[in-house]
file coords38.csv (CSV, C-alpha atoms)
chain,number,residue,atom,x,y,z
A,1,MET,CA,0.0,0.0,0.0
A,2,LYS,CA,2.9,2.3,0.8
A,3,ALA,CA,4.3,1.8,-2.8
A,4,ILE,CA,0.9,2.6,-4.3
A,5,SER,CA,0.7,5.8,-2.3
A,6,LYS,CA,4.2,6.8,-3.6
A,7,LEU,CA,3.1,6.1,-7.2
A,8,LEU,CA,-0.1,8.1,-6.7
A,9,PHE,CA,1.9,11.0,-5.3
A,10,LEU,CA,4.3,10.9,-8.3
A,11,CYS,CA,1.4,10.9,-10.7
A,12,MET,CA,-0.1,13.9,-8.9
A,13,ILE,CA,3.1,16.0,-9.1
A,14,PRO,CA,2.3,17.7,-12.5
A,15,LEU,CA,-1.4,18.1,-11.4
A,16,LEU,CA,-0.4,19.6,-8.1
A,17,LEU,CA,2.1,22.0,-9.6
A,18,SER,CA,-0.4,23.2,-12.1
A,19,GLY,CA,-3.1,23.6,-9.5
A,20,CYS,CA,-0.8,25.5,-7.2
A,21,LEU,CA,0.1,28.0,-9.9
A,22,GLN,CA,-3.5,28.5,-10.9
A,23,ASN,CA,-4.6,28.9,-7.2
A,24,ALA,CA,-1.8,31.5,-6.7
A,25,GLU,CA,-3.0,33.4,-9.7
A,26,SER,CA,-6.7,33.4,-8.7
A,27,ASN,CA,-6.3,34.5,-5.0
A,28,GLN,CA,-9.7,33.1,-4.3
A,29,PRO,CA,-10.1,30.9,-1.2
A,30,THR,CA,-11.2,27.3,-1.8
A,31,ASN,CA,-13.2,25.7,1.0
A,32,ASN,CA,-14.4,22.6,-0.8
A,33,LEU,CA,-11.2,20.6,-0.7
A,34,ASP,CA,-12.1,16.9,-1.2
A,35,LEU,CA,-9.2,14.5,-0.4
A,36,SER,CA,-11.1,11.3,-1.2
A,37,PRO,CA,-9.4,9.2,-3.9
A,38,PRO,CA,-10.9,9.3,-7.4
A,39,VAL,CA,-13.0,6.3,-8.4
A,40,GLU,CA,-11.8,3.9,-11.1
A,41,ILE,CA,-14.0,4.0,-14.2
A,42,SER,CA,-13.8,2.4,-17.7
A,43,ILE,CA,-11.8,4.1,-20.4
A,44,GLU,CA,-15.1,4.6,-22.3
A,45,GLU,CA,-16.6,6.5,-19.4
A,46,ALA,CA,-13.5,8.7,-19.1
A,47,VAL,CA,-13.6,9.5,-22.9
A,48,ALA,CA,-17.2,10.5,-22.5
A,49,GLU,CA,-16.4,12.9,-19.5
A,50,ILE,CA,-13.1,14.5,-20.6
A,51,PRO,CA,-13.3,17.4,-23.0
A,52,PHE,CA,-10.2,16.5,-25.0
A,53,ASP,CA,-9.2,13.4,-27.0
A,54,ILE,CA,-7.6,10.8,-24.8
A,55,LYS,CA,-4.7,9.3,-26.8
A,56,GLN,CA,-3.3,6.1,-25.5
A,57,PRO,CA,0.1,4.5,-25.9
A,58,SER,CA,1.0,1.0,-27.3
A,59,VAL,CA,1.7,-0.9,-24.1
A,60,PRO,CA,4.7,-3.3,-24.4
A,61,PHE,CA,3.3,-5.9,-22.1
A,62,GLN,CA,0.1,-8.0,-22.0
A,63,VAL,CA,-2.5,-5.9,-20.2
A,64,THR,CA,-4.7,-7.9,-17.8
A,65,GLN,CA,-6.3,-4.9,-16.1
A,66,LYS,CA,-7.1,-1.4,-17.5
A,67,SER,CA,-8.9,1.4,-15.8
A,68,ALA,CA,-9.2,5.2,-15.7
A,69,ARG,CA,-9.7,7.8,-13.0
A,70,ILE,CA,-10.8,11.4,-13.5
A,71,LEU,CA,-8.8,13.5,-11.0
A,72,ASP,CA,-10.4,16.4,-9.2
A,73,ALA,CA,-8.6,19.6,-10.1
A,74,ASN,CA,-11.1,21.9,-8.2
A,75,GLY,CA,-12.7,22.9,-11.5
A,76,LYS,CA,-9.5,24.6,-12.8
A,77,PHE,CA,-8.8,22.0,-15.5
A,78,ASP,CA,-9.5,18.4,-16.5
A,79,ALA,CA,-7.2,15.5,-15.7
A,80,VAL,CA,-7.4,11.8,-16.4
A,81,GLU,CA,-5.2,9.0,-15.3
A,82,ILE,CA,-5.2,5.6,-17.2
A,83,THR,CA,-3.6,2.6,-15.7
A,84,TYR,CA,-2.5,-0.5,-17.7
A,85,ALA,CA,-1.5,-3.4,-15.5
A,86,ASN,CA,-0.4,-7.0,-15.7
A,87,THR,CA,-1.4,-8.2,-12.3
A,88,ASP,CA,0.3,-11.6,-12.8
A,89,GLU,CA,3.7,-10.0,-13.4
A,90,GLU,CA,3.1,-6.9,-11.2
A,91,LEU,CA,3.8,-4.5,-14.1
A,92,ASN,CA,2.2,-1.0,-14.3
A,93,LEU,CA,2.2,1.7,-17.0
A,94,ILE,CA,0.3,4.8,-16.1
A,95,ILE,CA,-0.4,7.8,-18.3
A,96,MET,CA,-1.8,11.1,-16.9
A,97,ILE,CA,-3.2,13.8,-19.2
A,98,THR,CA,-4.4,17.2,-18.3
A,99,ASN,CA,-5.5,20.3,-20.1
A,100,SER,CA,-4.0,22.7,-17.5
A,101,LYS,CA,-2.9,26.0,-18.9
A,102,ALA,CA,-0.2,26.4,-16.2
A,103,ASP,CA,3.2,26.9,-17.7
A,104,THR,CA,5.4,26.0,-14.8
A,105,ARG,CA,8.8,24.4,-15.4
A,106,PRO,CA,8.6,20.7,-14.6
A,107,ASN,CA,10.9,19.1,-12.1
A,108,GLY,CA,13.4,16.5,-13.3
A,109,LYS,CA,16.2,16.4,-15.9
A,110,LYS,CA,15.5,18.0,-19.2
A,111,ASP,CA,16.4,15.4,-21.8
A,112,LEU,CA,15.3,14.0,-25.2
A,113,LYS,CA,12.6,15.3,-27.5
A,114,LEU,CA,9.8,13.1,-28.8
A,115,GLU,CA,9.3,12.5,-32.6
A,116,ASN,CA,6.6,15.3,-32.5
A,117,GLY,CA,9.2,17.8,-31.2
A,118,SER,CA,7.9,17.8,-27.6
A,119,GLN,CA,10.6,18.3,-24.9
A,120,THR,CA,10.6,15.7,-22.2
A,121,TRP,CA,11.8,15.7,-18.7
A,122,ASP,CA,13.0,12.6,-16.8
A,123,GLN,CA,11.1,12.4,-13.5
A,124,GLY,CA,12.0,8.9,-12.4
A,125,ASN,CA,13.2,7.9,-9.0
A,126,GLU,CA,14.3,4.6,-7.3
A,127,HIS,CA,10.7,3.3,-7.3
A,128,VAL,CA,9.3,4.2,-10.7
A,129,SER,CA,10.5,5.5,-14.1
A,130,ALA,CA,8.6,8.6,-15.4
A,131,ILE,CA,8.7,11.2,-18.1
A,132,TYR,CA,6.8,14.4,-18.5
A,133,TRP,CA,6.0,16.5,-21.6
A,134,ARG,CA,3.5,19.0,-23.1
A,135,ASN,CA,2.0,18.8,-26.6
A,136,GLU,CA,-0.9,20.5,-28.3
A,137,GLY,CA,-2.2,22.2,-25.2
A,138,LEU,CA,-2.1,19.0,-23.0
A,139,THR,CA,0.4,17.9,-20.3
A,140,TYR,CA,1.4,14.3,-20.2
A,141,SER,CA,3.1,12.1,-17.6
A,142,LEU,CA,4.1,8.5,-18.4
A,143,ILE,CA,5.0,6.4,-15.4
A,144,SER,CA,6.1,2.7,-15.1
A,145,GLY,CA,6.9,0.4,-12.2
A,146,LYS,CA,7.1,-3.2,-11.2
A,147,ASN,CA,6.8,-5.3,-8.1
A,148,ASN,CA,4.1,-3.2,-6.6
A,149,ASN,CA,5.9,-0.1,-7.8
A,150,LEU,CA,9.0,-0.7,-5.7
A,151,GLU,CA,11.3,-0.5,-8.7
A,152,PRO,CA,11.3,1.1,-12.1
A,153,LEU,CA,10.0,-1.0,-15.0
A,154,TYR,CA,11.4,0.8,-18.0
A,155,ASP,CA,14.4,3.1,-18.6
A,156,TYR,CA,14.1,6.6,-19.9
A,157,GLN,CA,14.8,5.6,-23.5
A,158,THR,CA,12.0,3.0,-23.4
A,159,LEU,CA,9.5,5.5,-22.0
A,160,ILE,CA,10.4,7.8,-24.9
A,161,GLU,CA,9.7,5.0,-27.3
A,162,ILE,CA,6.3,4.3,-25.7
A,163,ALA,CA,5.5,8.0,-25.6
A,164,ASN,CA,6.2,8.1,-29.4
A,165,THR,CA,3.4,5.6,-29.9
A,166,ILE,CA,0.8,8.1,-28.7
A,167,LYS,CA,-0.7,9.6,-31.8
call {"tool": "encode", "arguments": {"input": "coords38.csv", "output": "structure tokens"}}
result
Amino acid sequence: MKAISKLLFLCMIPLLLSGCLQNAESNQPTNNLDLSPPVEISIEEAVAEIPFDIKQPSVPFQVTQKSARILDANGKFDAVEITYANTDEELNLIIMITNSKADTRPNGKKDLKLENGSQTWDQGNEHVSAIYWRNEGLTYSLISGKNNNLEPLYDYQTLIEIANTIK
């Protein structure tokens, strides 16, 4: 459970950074903070609720479980997180997409560009591998982990290759 909490926190970094910037700009108090975790829904339900096209990667392992969660951004922007898992081998690939207009500099090491010209940042740590980029008004994070997200699944170069399959 601790590893899942760490992964959820890592997934939320771009979302939180974007939200913090927008809250700082609005200077309006928010009293309706809901810290309950988002409910898992089908990809089809997420597509119906999110106002932008949800583009998905080609997943390089057999997916045994797939779900989406719409993340609460306090009405500031829309965010969806899609998890692809192989529960037998404890493999996870998660993509998070937001339409946040915040233009904060991401954390991590600036590195390679995708085939579409988008700059990526390496945001991995000892538990997961992760990259971040922006393209066509959307912000993406791609995260992978194995063994209940106690160790990275793919290296940075492989995440770039997976990201390049998102068309």
call {"tool": "closest_residue", "arguments": {"input": "coords38.csv", "among": "A:Gly117, A:Asn148, A:Pro60, A:Asp78", "to": "Ala46 in chain A", "atoms": "all atoms listed in the file"}}
result
A:Asp78
call {"tool": "closest_residue", "arguments": {"input": "coords38.csv", "among": "A:Glu115, A:Glu44, A:Glu136, A:Asp122", "to": "Thr165 in chain A", "atoms": "all atoms listed in the file"}}
result
A:Glu115
call {"tool": "atom_distance", "arguments": {"input": "coords38.csv", "atom1": "CA of Gly145 in chain A", "atom2": "CA of Asn92 in chain A"}}
result
5.3 Å
call {"tool": "atom_distance", "arguments": {"input": "coords38.csv", "atom1": "CA of Thr64 in chain A", "atom2": "CA of Asn86 in chain A"}}
result
4.9 Å
call {"tool": "atom_distance", "arguments": {"input": "coords38.csv", "atom1": "CA of Lys109 in chain A", "atom2": "CA of Gln123 in chain A"}}
result
6.9 Å
call {"tool": "closest_residue", "arguments": {"input": "coords38.csv", "among": "A:Leu114, A:Ala68, A:Ile94, A:Ile50", "to": "Leu153 in chain A", "atoms": "only C-alpha atoms"}}
result
A:Ile94
call {"tool": "closest_residue", "arguments": {"input": "coords38.csv", "among": "A:Glu151, A:Glu40, A:Glu126, A:Asp103", "to": "Gln65 in chain A", "atoms": "only C-alpha atoms"}}
result
A:Glu40
call {"tool": "residues_around", "arguments": {"input": "coords38.csv", "residues": "Thr120 in chain A", "least_positions_apart": "4", "cutoff": "8 Å", "atoms": "all atoms listed in the file", "output": "count of residues only"}}
result
9
call {"tool": "closest_residue", "arguments": {"input": "coords38.csv", "among": "A:Asn116, A:Glu45, A:Thr98, A:Gly124", "to": "Asp72 in chain A", "atoms": "only C-alpha atoms"}}
result
A:Thr98
call {"tool": "residues_near_point", "arguments": {"input": "coords38.csv", "point": "(0.3, 9.4, -19.4)", "cutoff": "10 Å", "atoms": "all atoms listed in the file", "output": "list in words"}}
result
Cys11, Ile54, Lys55, Gln56, Pro57, Val80, Glu81, Ile82, Thr83, Leu93, Ile94, Ile95, Met96, Ile97, Thr98, Ala130, Ile131, Tyr132, Trp133, Thr139, Tyr140, Ser141, Leu142, Ile143, Ser144, Ala163 and Ile166 of chain A
call {"tool": "closest_residue", "arguments": {"input": "coords38.csv", "among": "A:Ala79, A:Gly137, A:Ala85, A:Pro106", "to": "Asn149 in chain A", "atoms": "all atoms listed in the file"}}
result
A:Ala85
